[in-house]
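Engineer: So I've got this file, entry-v9.cif, and it contains mmCIF, C-alpha atoms:
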```cif
data_start
loop_
_atom_site.label_atom_id
_atom_site.label_comp_id
_atom_site.auth_asym_id
_atom_site.auth_seq_id
_atom_site.Cartn_x
_atom_site.Cartn_y
_atom_site.Cartn_z
CA MET A 1 -20.04 -8.58 0.36
CA GLU A 2 -19.29 -7.16 -3.09
CA ARG A 3 -17.31 -9.58 -5.26
CA ARG A 4 -15.84 -9.18 -8.71
CA ALA A 5 -15.62 -12.45 -10.60
CA GLN A 6 -12.35 -12.86 -12.50
CA LYS A 7 -13.06 -15.17 -15.43
CA LYS A 8 -9.41 -15.08 -16.46
CA LEU A 9 -8.40 -16.47 -13.07
CA GLY A 10 -11.42 -18.58 -12.23
CA ALA A 11 -11.63 -16.67 -8.95
CA GLU A 12 -14.19 -14.52 -7.17
CA PRO A 13 -12.39 -12.55 -4.46
CA SER A 14 -14.14 -10.08 -2.20
CA LEU A 15 -13.78 -6.45 -3.24
CA LEU A 16 -12.56 -5.72 0.29
CA GLY A 17 -9.32 -7.53 1.03
CA PHE A 18 -7.81 -7.89 4.51
CA GLY A 19 -4.26 -6.50 4.54
CA CYS A 20 -2.22 -8.30 7.20
CA MET A 21 0.50 -5.77 8.04
CA ARG A 22 -1.32 -3.58 10.58
CA PHE A 23 -2.86 -5.92 13.13
CA PRO A 24 -3.24 -4.59 16.69
CA THR A 25 -0.12 -5.23 18.73
CA LEU A 26 0.82 -5.80 22.34
CA GLU A 27 3.17 -3.55 24.28
CA GLY A 28 6.27 -5.41 23.12
CA GLY A 29 5.24 -5.22 19.46
CA ALA A 30 3.92 -8.77 19.03
CA ILE A 31 0.59 -9.26 17.26
CA ASP A 32 -2.34 -9.15 19.66
CA GLU A 33 -3.60 -12.49 18.42
CA GLU A 34 -6.83 -12.50 20.40
CA GLN A 35 -7.95 -9.18 18.95
CA ALA A 36 -6.63 -9.97 15.49
CA MET A 37 -8.42 -13.34 15.41
CA ALA A 38 -11.69 -11.65 16.37
CA MET A 39 -11.24 -9.09 13.58
CA LEU A 40 -10.47 -11.79 11.01
CA ASP A 41 -13.48 -13.81 12.12
CA ARG A 42 -15.79 -10.80 11.81
CA ALA A 43 -14.50 -10.01 8.33
CA TYR A 44 -14.64 -13.62 7.16
CA GLN A 45 -18.15 -14.16 8.49
CA SER A 46 -19.25 -11.05 6.60
CA GLY A 47 -17.88 -12.28 3.28
CA VAL A 48 -14.24 -11.13 3.15
CA ASN A 49 -12.35 -13.98 1.50
CA TYR A 50 -9.07 -12.33 0.35
CA PHE A 51 -6.16 -12.14 2.79
CA ASP A 52 -2.85 -10.50 1.92
CA THR A 53 0.35 -11.10 3.86
CA ALA A 54 4.09 -10.95 3.11
CA TYR A 55 7.48 -12.08 4.39
CA PHE A 56 8.27 -8.78 6.14
CA TYR A 57 4.90 -7.96 7.75
CA HIS A 58 4.92 -7.63 11.53
CA ASN A 59 8.66 -8.27 11.66
CA GLY A 60 8.23 -11.62 9.95
CA LYS A 61 5.39 -12.84 12.20
CA SER A 62 2.38 -12.16 9.99
CA GLU A 63 2.73 -15.23 7.75
CA ALA A 64 2.91 -17.70 10.63
CA PHE A 65 0.00 -16.01 12.39
CA MET A 66 -2.12 -16.08 9.23
CA GLY A 67 -1.26 -19.73 8.71
CA ARG A 68 -2.74 -20.51 12.12
CA ALA A 69 -5.67 -18.12 11.80
CA LEU A 70 -6.81 -19.37 8.41
CA ALA A 71 -6.47 -23.02 9.44
CA ARG A 72 -9.79 -22.55 11.23
CA TYR A 73 -11.61 -21.99 7.90
CA PRO A 74 -12.21 -24.44 5.03
CA ARG A 75 -9.26 -24.05 2.64
CA GLU A 76 -11.44 -23.62 -0.44
CA SER A 77 -13.37 -20.76 1.19
CA TYR A 78 -10.67 -18.07 1.00
CA TYR A 79 -7.83 -16.72 -1.13
CA LEU A 80 -4.40 -16.35 0.46
CA THR A 81 -1.66 -14.13 -0.98
CA SER A 82 1.95 -13.82 0.06
CA LYS A 83 4.99 -12.23 -1.57
CA LEU A 84 8.64 -12.97 -2.31
CA PRO A 85 10.77 -10.17 -0.76
CA THR A 86 12.79 -9.06 -3.80
CA THR A 87 14.90 -6.67 -1.73
CA LEU A 88 16.49 -9.75 -0.10
CA ILE A 89 16.79 -11.82 -3.28
CA HIS A 90 20.11 -11.64 -5.13
CA SER A 91 20.34 -15.20 -6.37
CA LEU A 92 18.09 -18.14 -7.17
CA GLU A 93 19.34 -19.80 -3.98
CA ASP A 94 18.08 -16.81 -1.95
CA ALA A 95 14.64 -17.19 -3.53
CA LYS A 96 14.44 -20.92 -2.89
CA ARG A 97 15.55 -20.53 0.74
CA ILE A 98 13.10 -17.75 1.58
CA TYR A 99 10.24 -19.40 -0.30
CA ALA A 100 10.77 -22.60 1.70
CA GLU A 101 10.68 -20.53 4.89
CA GLN A 102 7.41 -18.93 3.82
CA ARG A 103 5.82 -22.28 3.10
CA GLU A 104 6.89 -23.49 6.53
CA ARG A 105 5.38 -20.43 8.17
CA LEU A 106 2.09 -20.57 6.29
CA GLN A 107 1.54 -24.34 6.50
CA LYS A 108 -0.63 -24.44 3.38
CA ASP A 109 -0.57 -26.95 0.53
CA TYR A 110 -0.84 -24.10 -1.95
CA LEU A 111 -1.20 -20.34 -2.16
CA ASP A 112 -3.84 -18.68 -4.31
CA PHE A 113 -1.66 -15.71 -5.28
CA TYR A 114 2.10 -15.26 -5.06
CA LEU A 115 3.66 -11.91 -5.89
CA LEU A 116 7.14 -10.57 -6.45
CA HIS A 117 7.17 -7.97 -3.69
CA ASN A 118 8.08 -4.31 -4.13
CA LEU A 119 9.30 -4.40 -7.72
CA ASN A 120 10.87 -1.51 -9.57
CA GLY A 121 12.88 -1.59 -12.77
CA ALA A 122 16.20 -2.60 -11.21
CA ARG A 123 14.68 -5.37 -9.05
CA TRP A 124 12.71 -6.70 -12.02
CA HIS A 125 15.90 -7.04 -14.07
CA GLU A 126 17.61 -8.80 -11.17
CA MET A 127 14.72 -11.26 -10.80
CA VAL A 128 14.92 -12.05 -14.52
CA ASP A 129 18.71 -12.26 -14.67
CA THR A 130 19.00 -14.57 -11.65
CA GLY A 131 16.34 -16.93 -13.00
CA VAL A 132 13.88 -16.19 -10.20
CA VAL A 133 10.99 -15.38 -12.56
CA ASP A 134 11.43 -18.62 -14.53
CA TRP A 135 11.70 -20.56 -11.27
CA CYS A 136 8.47 -18.98 -9.95
CA LEU A 137 6.70 -20.02 -13.15
CA GLU A 138 7.94 -23.58 -12.57
CA ARG A 139 6.53 -23.51 -9.03
CA GLN A 140 3.22 -22.23 -10.39
CA THR A 141 3.08 -25.06 -12.93
CA ALA A 142 3.85 -27.50 -10.12
CA GLY A 143 0.81 -26.22 -8.21
CA ASP A 144 2.56 -24.43 -5.37
CA PHE A 145 0.51 -21.34 -6.14
CA ARG A 146 -2.28 -20.73 -8.59
CA HIS A 147 -1.72 -17.16 -9.74
CA PHE A 148 1.51 -15.21 -10.22
CA GLY A 149 1.87 -11.43 -10.07
CA PHE A 150 3.85 -8.58 -8.58
CA SER A 151 3.50 -5.60 -6.29
CA PHE A 152 5.04 -2.36 -7.44
CA HIS A 153 6.81 0.77 -6.17
CA GLY A 154 8.55 2.71 -8.90
CA SER A 155 7.96 5.01 -11.85
CA TYR A 156 5.29 4.62 -14.50
CA GLU A 157 7.94 3.87 -17.10
CA GLU A 158 9.24 0.99 -14.97
CA PHE A 159 5.70 -0.23 -14.39
CA ARG A 160 4.97 -0.29 -18.11
CA GLU A 161 8.17 -2.25 -18.78
CA ILE A 162 7.30 -4.89 -16.18
CA LEU A 163 3.61 -5.17 -17.00
CA THR A 164 4.23 -5.65 -20.72
CA ALA A 165 7.17 -8.06 -20.28
CA ARG A 166 4.93 -11.12 -19.95
CA SER A 167 1.34 -12.18 -19.36
CA TRP A 168 0.64 -11.54 -15.66
CA ASP A 169 -2.25 -12.98 -13.68
CA CYS A 170 -2.52 -9.85 -11.53
CA CYS A 171 -0.59 -6.93 -10.12
CA GLN A 172 -0.74 -4.75 -7.02
CA ILE A 173 -0.18 -0.98 -6.98
CA GLN A 174 -0.52 1.94 -4.59
CA LEU A 175 -3.43 4.18 -5.61
CA ASN A 176 -5.65 6.70 -3.87
CA TYR A 177 -7.32 9.96 -4.80
CA MET A 178 -4.28 11.98 -3.72
CA ASP A 179 -1.66 9.83 -5.47
CA THR A 180 -3.09 9.67 -8.97
CA GLU A 181 0.21 10.69 -10.57
CA GLU A 182 2.59 8.95 -8.14
CA GLN A 183 4.29 5.66 -9.03
CA ALA A 184 2.08 3.73 -11.51
CA GLY A 185 -0.81 6.11 -10.84
CA LEU A 186 -3.96 6.35 -12.92
CA GLN A 187 -1.87 5.99 -16.06
CA GLY A 188 -0.75 2.60 -14.80
CA TYR A 189 -4.33 1.72 -13.90
CA ARG A 190 -5.42 2.43 -17.46
CA LEU A 191 -2.64 0.20 -18.77
CA THR A 192 -3.83 -2.72 -16.62
CA GLU A 193 -7.32 -2.17 -17.97
CA GLU A 194 -6.03 -2.14 -21.53
CA LEU A 195 -4.05 -5.37 -21.03
CA GLY A 196 -6.73 -7.11 -18.97
CA VAL A 197 -4.56 -7.59 -15.87
CA PRO A 198 -6.71 -7.67 -12.69
CA LEU A 199 -5.61 -5.06 -10.19
CA ILE A 200 -5.14 -5.24 -6.41
CA ILE A 201 -4.98 -1.86 -4.66
CA MET A 202 -2.82 -1.05 -1.65
CA GLU A 203 -2.70 2.19 0.36
CA PRO A 204 -6.21 3.30 -0.68
CA VAL A 205 -6.32 5.57 2.40
CA LYS A 206 -2.69 6.70 1.96
CA GLY A 207 -1.37 5.02 5.08
CA GLY A 208 -4.18 6.56 7.14
CA ALA A 209 -3.57 10.13 5.97
CA LEU A 210 -7.02 10.28 4.34
CA ALA A 211 -8.83 8.76 7.32
CA ALA A 212 -8.94 11.89 9.49
CA PRO A 213 -8.82 14.94 7.21
CA PRO A 214 -8.86 18.57 8.35
CA ALA A 215 -12.29 19.98 9.14
CA ASP A 216 -12.77 21.89 5.88
CA VAL A 217 -12.02 18.76 3.86
CA MET A 218 -14.37 16.65 5.95
CA GLU A 219 -17.14 19.22 5.49
CA VAL A 220 -17.10 18.51 1.75
CA PHE A 221 -17.93 14.88 2.50
CA THR A 222 -20.43 15.42 5.29
CA ALA A 223 -22.38 17.83 3.12
CA LEU A 224 -23.39 14.83 1.00
CA HIS A 225 -23.28 11.99 3.54
CA PRO A 226 -23.20 13.18 7.17
CA GLN A 227 -22.60 9.71 8.62
CA ALA A 228 -20.00 8.37 6.16
CA SER A 229 -16.39 8.15 7.31
CA ALA A 230 -13.54 9.78 5.44
CA SER A 231 -12.05 6.32 4.88
CA SER A 232 -15.20 5.12 3.17
CA TRP A 233 -14.88 7.93 0.62
CA ALA A 234 -11.28 6.98 -0.15
CA LEU A 235 -12.15 3.29 -0.45
CA ARG A 236 -15.15 3.92 -2.67
CA TRP A 237 -13.12 6.19 -4.95
CA VAL A 238 -10.62 3.46 -5.81
CA ALA A 239 -13.17 0.62 -5.75
CA SER A 240 -15.26 2.48 -8.33
CA LEU A 241 -12.56 1.75 -10.92
CA PRO A 242 -13.90 -1.28 -12.85
CA ASN A 243 -10.58 -3.15 -13.31
CA VAL A 244 -9.95 -3.24 -9.56
CA MET A 245 -10.30 -6.80 -8.30
CA THR A 246 -9.63 -6.20 -4.61
CA VAL A 247 -8.97 -3.17 -2.39
CA LEU A 248 -6.69 -3.95 0.54
CA SER A 249 -7.25 -2.37 3.91
CA GLY A 250 -4.75 -2.88 6.72
CA MET A 251 -7.26 -2.88 9.57
CA SER A 252 -5.99 -2.29 13.11
CA THR A 253 -9.21 -2.10 15.14
CA MET A 254 -12.61 -3.74 15.15
CA GLY A 255 -14.08 -0.31 14.47
CA GLN A 256 -12.17 -0.14 11.19
CA VAL A 257 -13.40 -3.60 10.28
CA GLU A 258 -17.00 -2.59 10.91
CA ASP A 259 -16.66 0.66 8.97
CA ASN A 260 -15.13 -1.14 5.98
CA LEU A 261 -17.79 -3.85 6.06
CA ALA A 262 -20.48 -1.17 6.00
CA THR A 263 -18.84 0.30 2.89
CA PHE A 264 -18.41 -2.95 0.96
CA ASN A 265 -21.43 -4.97 2.06
CA ALA A 266 -23.63 -2.42 0.32
CA PHE A 267 -21.06 -1.07 -2.12
CA GLN A 268 -22.10 1.75 -4.41
CA PRO A 269 -19.73 3.27 -7.01
CA LEU A 270 -19.30 7.01 -6.69
CA SER A 271 -21.90 9.14 -8.43
CA GLU A 272 -20.95 12.20 -10.49
CA ALA A 273 -21.69 14.45 -7.52
CA GLU A 274 -19.58 12.27 -5.22
CA ARG A 275 -16.66 12.23 -7.66
CA ALA A 276 -16.81 16.01 -7.77
CA ALA A 277 -16.72 16.09 -3.96
CA VAL A 278 -13.58 13.92 -3.90
CA GLU A 279 -11.90 16.21 -6.45
CA GLN A 280 -12.81 19.21 -4.29
CA ALA A 281 -11.36 17.49 -1.21
CA ALA A 282 -8.12 16.73 -3.08
CA THR A 283 -7.86 20.37 -4.12
CA LEU A 284 -8.31 21.52 -0.53
CA PHE A 285 -5.60 19.11 0.63
CA ARG A 286 -3.14 20.44 -1.94
CA GLN A 287 -3.85 24.05 -1.01
CA LYS A 288 -2.47 23.36 2.47
CA VAL A 289 1.11 22.92 1.27
CA ARG A 290 3.28 25.36 3.27
CA ASN A 291 5.84 25.99 0.56
CA GLY A 292 5.67 25.42 -3.16
CA CYS A 293 8.44 23.32 -4.62
CA THR A 294 9.89 23.22 -8.12
CA GLY A 295 11.20 19.72 -7.59
CA CYS A 296 14.92 20.52 -7.59
CA ARG A 297 15.32 18.66 -4.25
CA TYR A 298 18.62 20.48 -3.70
CA CYS A 299 17.69 21.50 -0.16
CA MET A 300 16.44 18.06 0.92
CA PRO A 301 18.29 15.05 -0.49
CA CYS A 302 16.87 11.78 0.78
CA PRO A 303 19.32 9.56 2.70
CA ALA A 304 20.80 6.95 0.38
CA GLY A 305 18.79 3.77 0.44
CA VAL A 306 16.13 5.10 2.84
CA ASP A 307 12.58 5.23 1.51
CA ILE A 308 11.61 8.12 3.77
CA PRO A 309 11.17 11.60 2.31
CA GLY A 310 13.38 14.48 3.44
CA THR A 311 12.57 17.18 5.95
CA PHE A 312 10.91 19.57 3.53
CA ARG A 313 8.53 16.96 2.23
CA LEU A 314 7.68 15.90 5.78
CA TRP A 315 6.81 19.50 6.57
CA ASN A 316 4.46 19.76 3.61
CA ASP A 317 2.98 16.34 4.37
CA TRP A 318 2.19 17.48 7.91
CA ALA A 319 0.67 20.70 6.61
CA MET A 320 -1.58 18.91 4.12
CA TYR A 321 -2.89 16.05 6.23
CA GLN A 322 -2.38 17.37 9.78
CA ASN A 323 -1.92 13.81 10.95
CA ARG A 324 0.33 13.93 14.00
CA GLU A 325 0.89 10.19 14.37
CA ARG A 326 1.78 9.74 10.71
CA SER A 327 4.21 12.67 10.72
CA ARG A 328 5.78 11.66 14.01
CA PHE A 329 6.29 8.12 12.76
CA LYS A 330 8.04 9.29 9.61
CA TRP A 331 10.31 11.65 11.53
CA LYS A 332 11.14 9.50 14.54
CA ASP A 333 11.62 6.34 12.48
CA MET A 334 14.77 7.78 10.88
CA ASP A 335 18.04 6.81 12.52
CA ASP A 336 19.99 9.89 13.63
CA ASP A 337 22.82 9.16 11.22
CA LYS A 338 20.41 8.74 8.30
CA ARG A 339 18.25 11.82 8.74
CA PRO A 340 18.58 14.41 6.01
CA GLN A 341 20.44 17.53 7.06
CA ASN A 342 18.17 20.24 8.38
CA CYS A 343 18.54 23.68 6.92
CA VAL A 344 21.50 25.66 8.27
CA GLY A 345 21.06 28.66 6.05
CA CYS A 346 23.86 27.85 3.60
CA GLY A 347 21.96 29.48 0.74
CA ALA A 348 22.73 26.70 -1.75
CA CYS A 349 19.08 26.05 -2.51
CA GLU A 350 18.52 29.75 -3.22
CA GLU A 351 21.21 29.64 -5.89
CA LYS A 352 19.67 26.52 -7.39
CA CYS A 353 16.05 27.59 -7.03
CA PRO A 354 15.16 31.27 -6.44
CA GLN A 355 11.59 30.30 -5.49
CA SER A 356 12.95 28.59 -2.35
CA LEU A 357 13.78 31.80 -0.45
CA PRO A 358 11.14 31.20 2.29
CA ILE A 359 12.13 27.57 2.81
CA ARG A 360 14.98 27.90 5.29
CA ALA A 361 12.98 29.28 8.21
CA ASP A 362 10.20 26.78 7.56
CA LEU A 363 12.63 23.87 7.68
CA VAL A 364 13.89 24.96 11.06
CA ARG A 365 10.29 25.32 12.27
CA ALA A 366 9.45 21.89 10.75
CA LYS A 367 12.20 20.21 12.74
CA GLU A 368 11.09 21.85 15.97
CA GLU A 369 7.42 21.07 15.45
CA LEU A 370 7.84 17.49 14.29
CA GLU A 371 10.25 16.63 17.09
CA GLY A 372 7.85 18.20 19.57
CA LEU A 373 4.82 16.17 18.48
#
```
Since I need it in another form, could you write the structure as structure tokens?
Structural biologist:
Amino acid sequence: MERRAQKKLGAEPSLLGFGCMRFPTLEGGAIDEEQAMAMLDRAYQSGVNYFDTAYFYHNGKSEAFMGRALARYPRESYYLTSKLPTTLIHSLEDAKRIYAEQRERLQKDYLDFYLLHNLNGARWHEMVDTGVVDWCLERQTAGDFRHFGFSFHGSYEEFREILTARSWDCCQIQLNYMDTEEQAGLQGYRLTEELGVPLIIMEPVKGGALAAPPADVMEVFTALHPQASASSWALRWVASLPNVMTVLSGMSTMGQVEDNLATFNAFQPLSEAERAAVEQAATLFRQKVRNGCTGCRYCMPCPAGVDIPGTFRLWNDWAMYQNRERSRFKWKDMDDDKRPQNCVGCGACEEKCPQSLPIRADLVRAKEELEGL
């Protein structure tokens, strides 16, 4: 298993990390512990030693499950990460209460990494103002956890503010070959490299969207490596970045475990020809957008407080990735009273954005197609 020694941290985590938010589940939604244990065992026995969980994962059940699962391995043989759910933290008392609950779930004397979960600029300021950051540093000094970092969802400007605010042990960002300019993006990656902050990558396969690409995209990959999976290309792209410490994969089946092990047990950075193939694949994906957008968002405001894109973006997402399960999940997961309004032909977007003339009919078709999946 490929490992990247972190002299700054005195740690040597596996380049493939096991993300613990997508375990197989039983009919009622509970973790299928028998299958999940077998998957963890296979990964661990093959050299995976980094496990990433969080307070919210699997409706709050992931931490307790991982506490039991990892108890079967020598404590010094793996790295365990969990995260403080900043969306629930509005006071120091909130942080202390939830942290105590996490420790009870995990049943570990210490954590290797502890992250402020899902930071953006506003949440960062709240964590500072309420004293949560200073308190976390006290817990680190006390030995509750060895390394302190954050996971991030926000703009690059917010990322830069947080990353440069103090000396971090690590940070975790979303990055894949289609999202190079989203959130922190490659610009954020370069900043971590400049500051020497080891990087943990989440969503390297874009929530599964890059795992089963349309045929013309897949042909670009198979032309070079007929047997390699689309996921392996996405994982190798991000793992080829030298400041990446660990790439997280939320594995749901033993087949995914085996495929990822094949990629990382004989890891090879992308060659020039392979990088060109990934760029070609990204171009093909982007050419599948149904309607161009100038970014005015007038026709598709997102519901307040809901991190799900509006109808128009869903339609383009479906067109690009042609992933029925992913699109259906995004659409059906919205509560009826929180869904963005579908186009009724009011014409407002045409006044705001003349390029949007074809959008109205497509939005109606999007609603019909997505609801019919």
Engineer: Starting from the PyMOL selection byres ((chain A and resi 59-63) around 12), expand the selection into actual residues of this file and give them as a VMD selection string.
Structural biologist: chain A and resid 19 to 25 29 to 33 36 51 to 58 64 to 70 80 to 85 98 to 99 101 to 108 111
Engineer: Could you turn the residues from that selection into a file that holds C-alpha atoms, as a PDB file, keeping the file's coordinate frame?
Structural biologist:
```pdb
ATOM      1  CA  GLY A  19      -4.260  -6.500   4.540  1.00  0.00           C
ATOM      2  CA  CYS A  20      -2.220  -8.300   7.200  1.00  0.00           C
ATOM      3  CA  MET A  21       0.500  -5.770   8.040  1.00  0.00           C
ATOM      4  CA  ARG A  22      -1.320  -3.580  10.580  1.00  0.00           C
ATOM      5  CA  PHE A  23      -2.860  -5.920  13.130  1.00  0.00           C
ATOM      6  CA  PRO A  24      -3.240  -4.590  16.690  1.00  0.00           C
ATOM      7  CA  THR A  25      -0.120  -5.230  18.730  1.00  0.00           C
ATOM      8  CA  GLY A  29       5.240  -5.220  19.460  1.00  0.00           C
ATOM      9  CA  ALA A  30       3.920  -8.770  19.030  1.00  0.00           C
ATOM     10  CA  ILE A  31       0.590  -9.260  17.260  1.00  0.00           C
ATOM     11  CA  ASP A  32      -2.340  -9.150  19.660  1.00  0.00           C
ATOM     12  CA  GLU A  33      -3.600 -12.490  18.420  1.00  0.00           C
ATOM     13  CA  ALA A  36      -6.630  -9.970  15.490  1.00  0.00           C
ATOM     14  CA  PHE A  51      -6.160 -12.140   2.790  1.00  0.00           C
ATOM     15  CA  ASP A  52      -2.850 -10.500   1.920  1.00  0.00           C
ATOM     16  CA  THR A  53       0.350 -11.100   3.860  1.00  0.00           C
ATOM     17  CA  ALA A  54       4.090 -10.950   3.110  1.00  0.00           C
ATOM     18  CA  TYR A  55       7.480 -12.080   4.390  1.00  0.00           C
ATOM     19  CA  PHE A  56       8.270  -8.780   6.140  1.00  0.00           C
ATOM     20  CA  TYR A  57       4.900  -7.960   7.750  1.00  0.00           C
ATOM     21  CA  HIS A  58       4.920  -7.630  11.530  1.00  0.00           C
ATOM     22  CA  ALA A  64       2.910 -17.700  10.630  1.00  0.00           C
ATOM     23  CA  PHE A  65       0.000 -16.010  12.390  1.00  0.00           C
ATOM     24  CA  MET A  66      -2.120 -16.080   9.230  1.00  0.00           C
ATOM     25  CA  GLY A  67      -1.260 -19.730   8.710  1.00  0.00           C
ATOM     26  CA  ARG A  68      -2.740 -20.510  12.120  1.00  0.00           C
ATOM     27  CA  ALA A  69      -5.670 -18.120  11.800  1.00  0.00           C
ATOM     28  CA  LEU A  70      -6.810 -19.370   8.410  1.00  0.00           C
ATOM     29  CA  LEU A  80      -4.400 -16.350   0.460  1.00  0.00           C
ATOM     30  CA  THR A  81      -1.660 -14.130  -0.980  1.00  0.00           C
ATOM     31  CA  SER A  82       1.950 -13.820   0.060  1.00  0.00           C
ATOM     32  CA  LYS A  83       4.990 -12.230  -1.570  1.00  0.00           C
ATOM     33  CA  LEU A  84       8.640 -12.970  -2.310  1.00  0.00           C
ATOM     34  CA  PRO A  85      10.770 -10.170  -0.760  1.00  0.00           C
ATOM     35  CA  ILE A  98      13.100 -17.750   1.580  1.00  0.00           C
ATOM     36  CA  TYR A  99      10.240 -19.400  -0.300  1.00  0.00           C
ATOM     37  CA  GLU A 101      10.680 -20.530   4.890  1.00  0.00           C
ATOM     38  CA  GLN A 102       7.410 -18.930   3.820  1.00  0.00           C
ATOM     39  CA  ARG A 103       5.820 -22.280   3.100  1.00  0.00           C
ATOM     40  CA  GLU A 104       6.890 -23.490   6.530  1.00  0.00           C
ATOM     41  CA  ARG A 105       5.380 -20.430   8.170  1.00  0.00           C
ATOM     42  CA  LEU A 106       2.090 -20.570   6.290  1.00  0.00           C
ATOM     43  CA  GLN A 107       1.540 -24.340   6.500  1.00  0.00           C
ATOM     44  CA  LYS A 108      -0.630 -24.440   3.380  1.00  0.00           C
ATOM     45  CA  LEU A 111      -1.200 -20.340  -2.160  1.00  0.00           C
TER      46      LEU A 111
END
```
Engineer: Using all atoms listed in the file, which residue out of A:Glu34, A:Asp216, A:Glu12, A:Asp169 lies closest to Gln287 of chain A?
Structural biologist: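 Among the listed residues, A:Asp216 lies closest to Gln287 of chain A.
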Engineer: At what distance in Å, to one decimal, does atom CA of Arg123 of chain A lie from atom CA of Gly188 of chain A?
Structural biologist: 18.3 Å
Engineer: For segment 127-137 of chain A, find every residue with an atom within 8 Å (counting all atoms listed in the file), except residues of its own chain fewer than 3 positions away, and show them as a PyMOL selection string.
Structural biologist: chain A and resi 86+89-92+95+123-124+140-141+148
Engineer: Rounded to one decimal, what separation in Å do you get between atom CA of Glu158 of chain A and atom CA of Asn120 of chain A?
Structural biologist: 6.2 Å
Engineer: Please give the centre and size of the box around segment 193-201 of chain A (axis-aligned, containing every atom listed in the file, 4 Å added per side), with values in Å to one decimal and written as AutoDock Vina command-line options.
Structural biologist:
```
--center_x -5.7 --center_y -4.8 --center_z -13.1 --size_x 11.3 --size_y 13.8 --size_z 24.9
```
Engineer: Residues near segment 251-263 of chain A, anyone? I mean within 10 Å using all atoms listed in the file, not counting same-chain ones fewer than 4 positions away, as a PyMOL selection string.
Structural biologist: chain A and resi 1-2+16-25+35-36+38-40+42-43+46-48+228-229+231-233+235-236+267-268
Engineer: Quick one: residues within 6 Å of Tyr79 of chain A, all atoms listed in the file, excluding same-chain residues fewer than 2 positions away - as a list of chain:residue names?
Structural biologist: A:Asn49, A:Tyr50, A:Asp112
